[in-house]
file data_5.cif (mmCIF, C-alpha atoms)
data_run
loop_
_atom_site.label_atom_id
_atom_site.label_comp_id
_atom_site.auth_asym_id
_atom_site.auth_seq_id
_atom_site.Cartn_x
_atom_site.Cartn_y
_atom_site.Cartn_z
CA ARG A 52 26.72 -109.32 -100.46
CA LYS A 53 27.93 -112.89 -100.78
CA LEU A 54 26.68 -115.41 -98.25
CA GLY A 55 29.68 -117.63 -98.78
CA TYR A 56 30.78 -120.55 -100.92
CA VAL A 57 29.14 -123.89 -101.75
CA TYR A 58 31.26 -126.78 -102.97
CA VAL A 59 29.34 -129.52 -104.79
CA GLU A 60 30.48 -133.08 -105.40
CA LEU A 61 27.90 -134.67 -107.70
CA SER A 62 29.37 -138.17 -107.72
CA SER A 63 31.96 -139.86 -105.55
CA PRO A 64 34.72 -142.30 -106.53
CA ARG A 65 33.38 -145.80 -106.70
CA ARG A 66 33.77 -147.82 -103.51
CA LEU A 67 34.07 -151.57 -103.21
CA LEU A 68 32.49 -151.88 -99.75
CA PHE A 69 29.96 -149.05 -99.91
CA PRO A 70 28.78 -148.29 -103.47
CA GLU A 71 28.02 -144.62 -104.02
CA GLU A 72 24.34 -145.19 -104.83
CA THR A 73 23.75 -146.53 -101.30
CA LEU A 74 24.88 -143.30 -99.62
CA PRO A 75 22.34 -140.50 -99.12
CA PRO A 76 23.06 -136.93 -100.22
CA GLY A 77 23.86 -134.38 -97.56
CA ALA A 78 25.13 -130.90 -96.76
CA LEU A 79 27.95 -130.07 -94.37
CA LEU A 80 28.98 -126.72 -92.92
CA VAL A 81 32.76 -127.00 -93.14
CA CYS A 82 33.39 -123.66 -91.46
CA PRO A 83 31.62 -120.26 -91.42
CA GLY A 84 30.98 -119.21 -95.01
CA HIS A 85 31.86 -122.57 -96.57
CA CYS A 86 29.43 -125.43 -97.20
CA PHE A 87 30.08 -128.78 -98.90
CA LEU A 88 27.41 -130.83 -100.68
CA HIS A 89 28.04 -134.52 -101.33
CA MET A 90 25.32 -135.79 -103.65
CA HIS A 91 26.52 -139.35 -104.35
CA PHE A 92 24.83 -139.48 -107.75
CA GLN A 93 25.69 -142.37 -110.00
CA SER A 94 28.54 -141.25 -112.21
CA ALA A 95 28.51 -141.50 -115.98
CA SER A 96 30.13 -144.44 -117.72
CA LEU A 97 33.76 -144.06 -118.75
CA GLY A 98 34.00 -141.71 -121.72
CA SER A 99 30.37 -140.60 -121.44
CA THR A 100 28.51 -137.61 -120.07
CA LYS A 101 25.32 -137.67 -118.02
CA LEU A 102 22.48 -135.24 -117.39
CA LEU A 103 20.63 -135.13 -114.08
CA ASN A 104 17.17 -136.66 -113.99
CA ILE A 105 14.31 -134.86 -112.25
CA GLU A 106 14.82 -136.74 -108.97
CA GLU A 107 18.51 -135.78 -108.91
CA ALA A 108 17.72 -132.16 -109.78
CA THR A 109 15.20 -132.07 -106.93
CA MET A 110 17.69 -133.56 -104.48
CA LEU A 111 20.30 -131.02 -105.55
CA ALA A 112 17.82 -128.17 -105.00
CA HIS A 113 16.96 -129.64 -101.59
CA GLU A 114 20.60 -129.75 -100.49
CA LEU A 115 21.25 -126.26 -101.88
CA GLY A 116 18.40 -125.12 -99.62
CA HIS A 117 20.28 -126.62 -96.69
CA ALA A 118 23.47 -124.89 -97.85
CA VAL A 119 21.84 -121.45 -98.00
CA HIS A 120 20.33 -122.07 -94.56
CA MET A 121 23.75 -123.00 -93.16
CA LEU A 122 25.44 -119.96 -94.67
CA CYS A 123 22.75 -117.66 -93.26
CA HIS A 124 22.77 -119.29 -89.84
CA GLY A 125 26.08 -117.86 -88.65
CA GLY A 126 26.52 -120.27 -85.73
CA SER A 127 28.47 -123.47 -85.29
CA THR A 128 27.56 -126.78 -86.89
CA GLN A 129 26.27 -128.10 -83.56
CA ASP A 130 24.12 -125.00 -83.04
CA PHE A 131 22.68 -125.54 -86.51
CA LEU A 132 21.89 -129.21 -85.89
CA ASP A 133 20.26 -128.43 -82.54
CA GLN A 134 17.38 -126.67 -84.32
CA PRO A 135 14.00 -128.48 -84.55
CA LEU A 136 13.60 -130.72 -87.58
CA ASP A 137 10.66 -128.72 -88.98
CA LEU A 138 12.93 -125.65 -88.99
CA LEU A 139 15.97 -127.49 -90.37
CA GLU A 140 14.02 -128.86 -93.33
CA LEU A 141 11.98 -125.75 -94.18
CA PRO A 142 14.50 -123.95 -96.48
CA SER A 143 15.33 -127.19 -98.31
CA THR A 144 11.65 -128.03 -98.79
CA LEU A 145 11.10 -124.50 -100.12
CA ALA A 146 13.97 -124.88 -102.60
CA GLU A 147 12.83 -128.24 -103.95
CA THR A 148 9.22 -127.04 -104.26
CA ILE A 149 10.34 -124.06 -106.35
CA ALA A 150 12.57 -126.31 -108.48
CA LEU A 151 9.61 -128.56 -109.34
CA HIS A 152 7.27 -125.84 -110.59
CA PRO A 153 6.65 -126.20 -114.37
CA ASN A 154 7.72 -122.60 -115.08
CA VAL A 155 10.97 -123.14 -113.21
CA ILE A 156 11.67 -126.55 -114.75
CA ALA A 157 11.49 -124.93 -118.19
CA GLN A 158 14.34 -122.61 -117.19
CA TYR A 159 16.90 -125.31 -116.33
CA ALA A 160 15.78 -128.61 -117.91
CA ARG A 161 17.13 -129.37 -121.39
CA HIS A 162 16.79 -132.21 -123.90
CA HIS A 163 19.95 -134.32 -124.08
CA ALA A 164 20.18 -134.05 -127.88
CA SER A 165 18.45 -130.85 -129.00
CA GLY A 166 19.23 -128.74 -125.94
CA GLY A 167 15.67 -127.41 -125.97
CA PRO A 168 13.32 -127.06 -122.97
CA PRO A 169 10.97 -129.92 -122.05
CA PRO A 170 7.38 -130.02 -123.39
CA ASP A 171 4.80 -128.38 -121.13
CA ASN A 172 3.10 -131.71 -120.45
CA LEU A 173 6.36 -133.26 -119.24
CA ALA A 174 7.12 -130.31 -116.95
CA ARG A 175 3.61 -130.47 -115.50
CA SER A 176 3.93 -134.22 -114.92
CA CYS A 177 6.99 -133.60 -112.73
CA HIS A 178 4.95 -131.11 -110.73
CA LEU A 179 2.08 -133.57 -110.35
CA ALA A 180 4.51 -136.24 -109.16
CA SER A 181 5.56 -133.89 -106.35
CA ALA A 182 1.91 -133.36 -105.38
CA TYR A 183 1.40 -137.14 -105.42
CA ASN A 184 4.29 -137.56 -102.98
CA LEU A 185 2.69 -134.99 -100.67
CA ILE A 186 -0.56 -136.99 -100.73
CA ARG A 187 1.40 -140.10 -99.78
CA ILE A 188 2.90 -138.26 -96.81
CA LEU A 189 -0.59 -137.23 -95.72
CA GLN A 190 -1.84 -140.81 -96.04
CA TYR A 191 0.99 -142.37 -94.09
CA THR A 192 0.99 -139.65 -91.46
CA LYS A 193 -2.72 -140.30 -90.90
CA VAL A 194 -1.98 -144.00 -90.47
CA ALA A 195 0.92 -143.51 -88.08
CA LEU A 196 -0.82 -140.93 -85.89
CA GLY A 197 -4.10 -142.86 -85.91
CA LEU A 198 -2.51 -146.11 -84.77
CA HIS A 199 -0.70 -144.23 -82.00
CA GLY A 200 -3.86 -142.38 -80.98
CA PRO A 201 -6.33 -143.18 -78.18
CA ALA A 202 -8.99 -144.48 -80.59
CA PHE A 203 -6.93 -147.60 -81.39
CA ASP A 204 -6.26 -150.06 -78.55
CA ALA A 205 -3.14 -151.92 -79.64
CA ALA A 206 -3.20 -154.18 -76.58
CA ASP A 207 -6.51 -155.81 -77.50
CA ALA A 208 -6.30 -155.55 -81.29
CA THR A 209 -5.86 -158.55 -83.55
CA PRO A 210 -3.73 -158.47 -86.72
CA ASP A 211 -6.94 -158.10 -88.74
CA ASP A 212 -7.98 -155.16 -86.54
CA LEU A 213 -4.59 -153.54 -87.15
CA ARG A 214 -4.82 -153.90 -90.91
CA ARG A 215 -8.47 -152.83 -91.09
CA THR A 216 -7.81 -149.70 -89.01
CA ALA A 217 -4.68 -148.83 -90.98
CA VAL A 218 -6.52 -149.11 -94.31
CA ALA A 219 -9.40 -146.97 -93.02
CA LEU A 220 -6.95 -144.26 -91.90
CA TRP A 221 -5.10 -144.41 -95.23
CA GLN A 222 -8.39 -144.18 -97.13
CA ARG A 223 -9.07 -140.74 -95.61
CA TYR A 224 -6.73 -139.12 -98.16
CA SER A 225 -7.15 -141.57 -101.05
CA PRO A 226 -9.33 -140.72 -104.08
CA VAL A 227 -9.70 -144.43 -104.89
CA ALA A 228 -10.83 -147.41 -102.83
CA ALA A 229 -8.12 -149.66 -101.42
CA HIS A 230 -7.69 -153.13 -102.90
CA PRO A 231 -8.93 -155.89 -100.55
CA ASP A 232 -5.35 -157.20 -100.21
CA PHE A 233 -3.75 -153.78 -99.68
CA THR A 234 -2.12 -152.77 -96.42
CA PRO A 235 -0.32 -149.41 -95.98
CA LEU A 236 1.95 -151.02 -93.39
CA GLY A 237 3.83 -152.71 -96.23
CA GLU A 238 4.88 -149.29 -97.54
CA ASP A 239 6.13 -146.11 -95.89
CA ALA A 240 3.44 -146.13 -93.22
CA GLY A 241 5.23 -149.09 -91.65
CA VAL A 242 8.51 -147.19 -91.76
CA TYR A 243 6.88 -144.16 -90.13
CA LEU A 244 5.61 -146.34 -87.30
CA ALA A 245 9.13 -147.63 -86.74
CA VAL A 246 11.13 -144.39 -86.90
CA GLY A 247 8.72 -142.15 -84.96
CA ALA A 248 7.18 -138.80 -85.79
CA ASN A 249 9.92 -137.24 -87.95
CA HIS A 250 7.60 -137.42 -90.96
CA VAL A 251 5.24 -135.00 -89.21
CA ALA A 252 7.99 -132.38 -89.35
CA TYR A 253 8.30 -132.85 -93.13
CA LEU A 254 4.55 -132.52 -93.52
CA LEU A 255 4.64 -129.27 -91.52
CA CYS A 256 7.41 -128.03 -93.83
CA HIS A 257 5.29 -128.67 -96.94
CA LEU A 258 2.30 -126.91 -95.40
CA ARG A 259 4.42 -123.91 -94.39
CA VAL A 260 6.01 -123.74 -97.84
CA ASP A 261 2.54 -123.71 -99.38
CA ALA A 262 1.59 -120.82 -97.08
CA ILE A 263 4.79 -118.90 -97.90
CA LEU A 264 4.53 -119.25 -101.68
CA HIS A 265 0.83 -118.34 -101.76
CA SER A 266 0.93 -115.60 -99.14
CA GLY A 267 0.61 -112.79 -101.69
CA THR A 268 -2.31 -114.45 -103.42
CA ARG A 269 -4.14 -114.99 -100.15
CA LYS A 270 -3.60 -111.40 -99.04
CA GLY A 271 -5.08 -110.20 -102.32
CA ALA A 272 -8.04 -112.53 -101.91
CA ALA A 273 -8.63 -111.31 -98.36
CA ALA A 274 -8.59 -107.70 -99.53
CA SER A 275 -11.18 -108.50 -102.21
CA GLY A 276 -13.41 -110.39 -99.78
CA LYS A 277 -12.76 -113.89 -101.19
CA ALA A 278 -12.71 -116.76 -98.72
CA ASP A 279 -9.84 -118.71 -100.26
CA GLY A 280 -6.86 -117.20 -102.03
CA ARG A 281 -5.34 -120.47 -103.21
CA ILE A 282 -4.71 -120.67 -106.93
CA GLN A 283 -6.97 -123.36 -108.34
CA GLU A 284 -5.20 -123.78 -111.69
CA ALA A 285 -2.75 -126.65 -111.12
CA ALA A 286 -0.14 -125.34 -113.56
CA GLN A 287 0.10 -122.10 -111.60
CA ARG A 288 0.21 -123.61 -108.12
CA TRP A 289 3.36 -124.41 -106.17
CA LEU A 290 1.86 -127.34 -104.25
#
call {"tool": "encode", "arguments": {"input": "data_5.cif", "output": "structure tokens"}}
result
Amino acid sequence: RKLGYVYVELSSPRRLLFPEETLPPGALLVCPGHCFLHMHFQSASLGSTKLLNIEEATMLAHELGHAVHMLCHGGSTQDFLDQPLDLLELPSTLAETIALHPNVIAQYARHHASGGPPPDNLARSCHLASAYNLIRILQYTKVALGLHGPAFDAADATPDDLRRTAVALWQRYSPVAAHPDFTPLGEDAGVYLAVGANHVAYLLCHLRVDAILHSGTRKGAAASGKADGRIQEAAQRWL
């Protein structure tokens, strides 16, 4: 049974006031059974063709996850948008996580000249980049929640106290020591502090996706008496 139809616009006509690369991708439920994806990728030069890079392929998978969610929802657009953020972003996070697995990348990625699949090392590096981004989310979430928590008194803190506390929170999920001049507030941690706790919803999505994709492995481990059913081999893991 068909869920419906998805219409994809990879690149938009160039705009003088708002260049296409400044617009974020998105999915829109036009009407029941019909979903439109506007990706706003940079178009190829005149007379040329262009392949998607790994970031664009991941974004497309993410928005396709939204599209499938919209087609399965069955309600109005407003009913769909009224759902909690950690529910709205779960199918899209699941889709992009699957798209970044090395075994899946080998099925759709092709060399621009030979048409062959990417080398195993290249496919694995894309997967590791996704894991690195998840670590960054953990680091910045720790900073944002810690600075908003009861252990940090913002009223009496000096700028040095703020930086020192932020670095200590960031260090919790860092395998390397922070540089003496480093501050996480100059990166996404500062953005998270400004926009609120939306990033927590994305972190929950990644954790739930990990649980979904490894549920069979964990059930098998529980049946055999093993404490942890997570796959330890990085090339076989989803996250």
call {"tool": "residues_around", "arguments": {"input": "data_5.cif", "residues": "Arg175 of chain A", "least_positions_apart": "3", "cutoff": "8 Å", "atoms": "all atoms listed in the file", "output": "list in words"}}
result
His152, Pro153, Asp171, Asn172, His178, Leu179 and Ala286 of chain A
call {"tool": "closest_residue", "arguments": {"input": "data_5.cif", "among": "A:Leu255, A:Leu80, A:Ala208, A:Ala164", "to": "Ile188 of chain A", "atoms": "only C-alpha atoms"}}
result
A:Leu255
call {"tool": "closest_residue", "arguments": {"input": "data_5.cif", "among": "A:Ala182, A:Val155, A:Phe131, A:Val194", "to": "Pro169 of chain A", "atoms": "all atoms listed in the file"}}
result
A:Val155
call {"tool": "resolve_selection", "arguments": {"input": "data_5.cif", "expression": "the PyMOL selection byres ((chain A and resi 58-62) around 12)", "output": "PyMOL selection string"}}
result
chain A and resi 55-57+63-66+70-81+84-96+101-103+107-108+110-112+114-115+118-119
call {"tool": "atom_distance", "arguments": {"input": "data_5.cif", "atom1": "atom CA of Leu258 of chain A", "atom2": "atom CA of Gln222 of chain A"}}
result
20.4 Å
call {"tool": "closest_residue", "arguments": {"input": "data_5.cif", "among": "A:His117, A:Ile263, A:Ala240, A:Gly167", "to": "Leu132 of chain A", "atoms": "all atoms listed in the file"}}
result
A:His117
call {"tool": "atom_distance", "arguments": {"input": "data_5.cif", "atom1": "atom CA of Leu213 of chain A", "atom2": "atom CA of Leu244 of chain A"}}
result
12.5 Å
call {"tool": "resolve_selection", "arguments": {"input": "data_5.cif", "expression": "the PyMOL selection byres ((chain A and resi 225) around 12)", "output": "PyMOL selection string"}}
result
chain A and resi 183+185-191+193+218-224+226-230+235
call {"tool": "atom_distance", "arguments": {"input": "data_5.cif", "atom1": "atom CA of Tyr253 of chain A", "atom2": "atom CA of Asp137 of chain A"}}
result
6.3 Å
call {"tool": "closest_residue", "arguments": {"input": "data_5.cif", "among": "A:Ser176, A:Asn154, A:Ser165, A:Asn249", "to": "Leu196 of chain A", "atoms": "all atoms listed in the file"}}
result
A:Asn249
call {"tool": "resolve_selection", "arguments": {"input": "data_5.cif", "expression": "the PyMOL selection byres ((chain A and resi 257) around 9)", "output": "list in words"}}
result
Leu141, Thr144, Leu145, Thr148, Leu185, Ala252, Tyr253, Leu254, Leu255, Cys256, Leu258, Arg259, Val260, Asp261, Ala262 and Leu290 of chain A
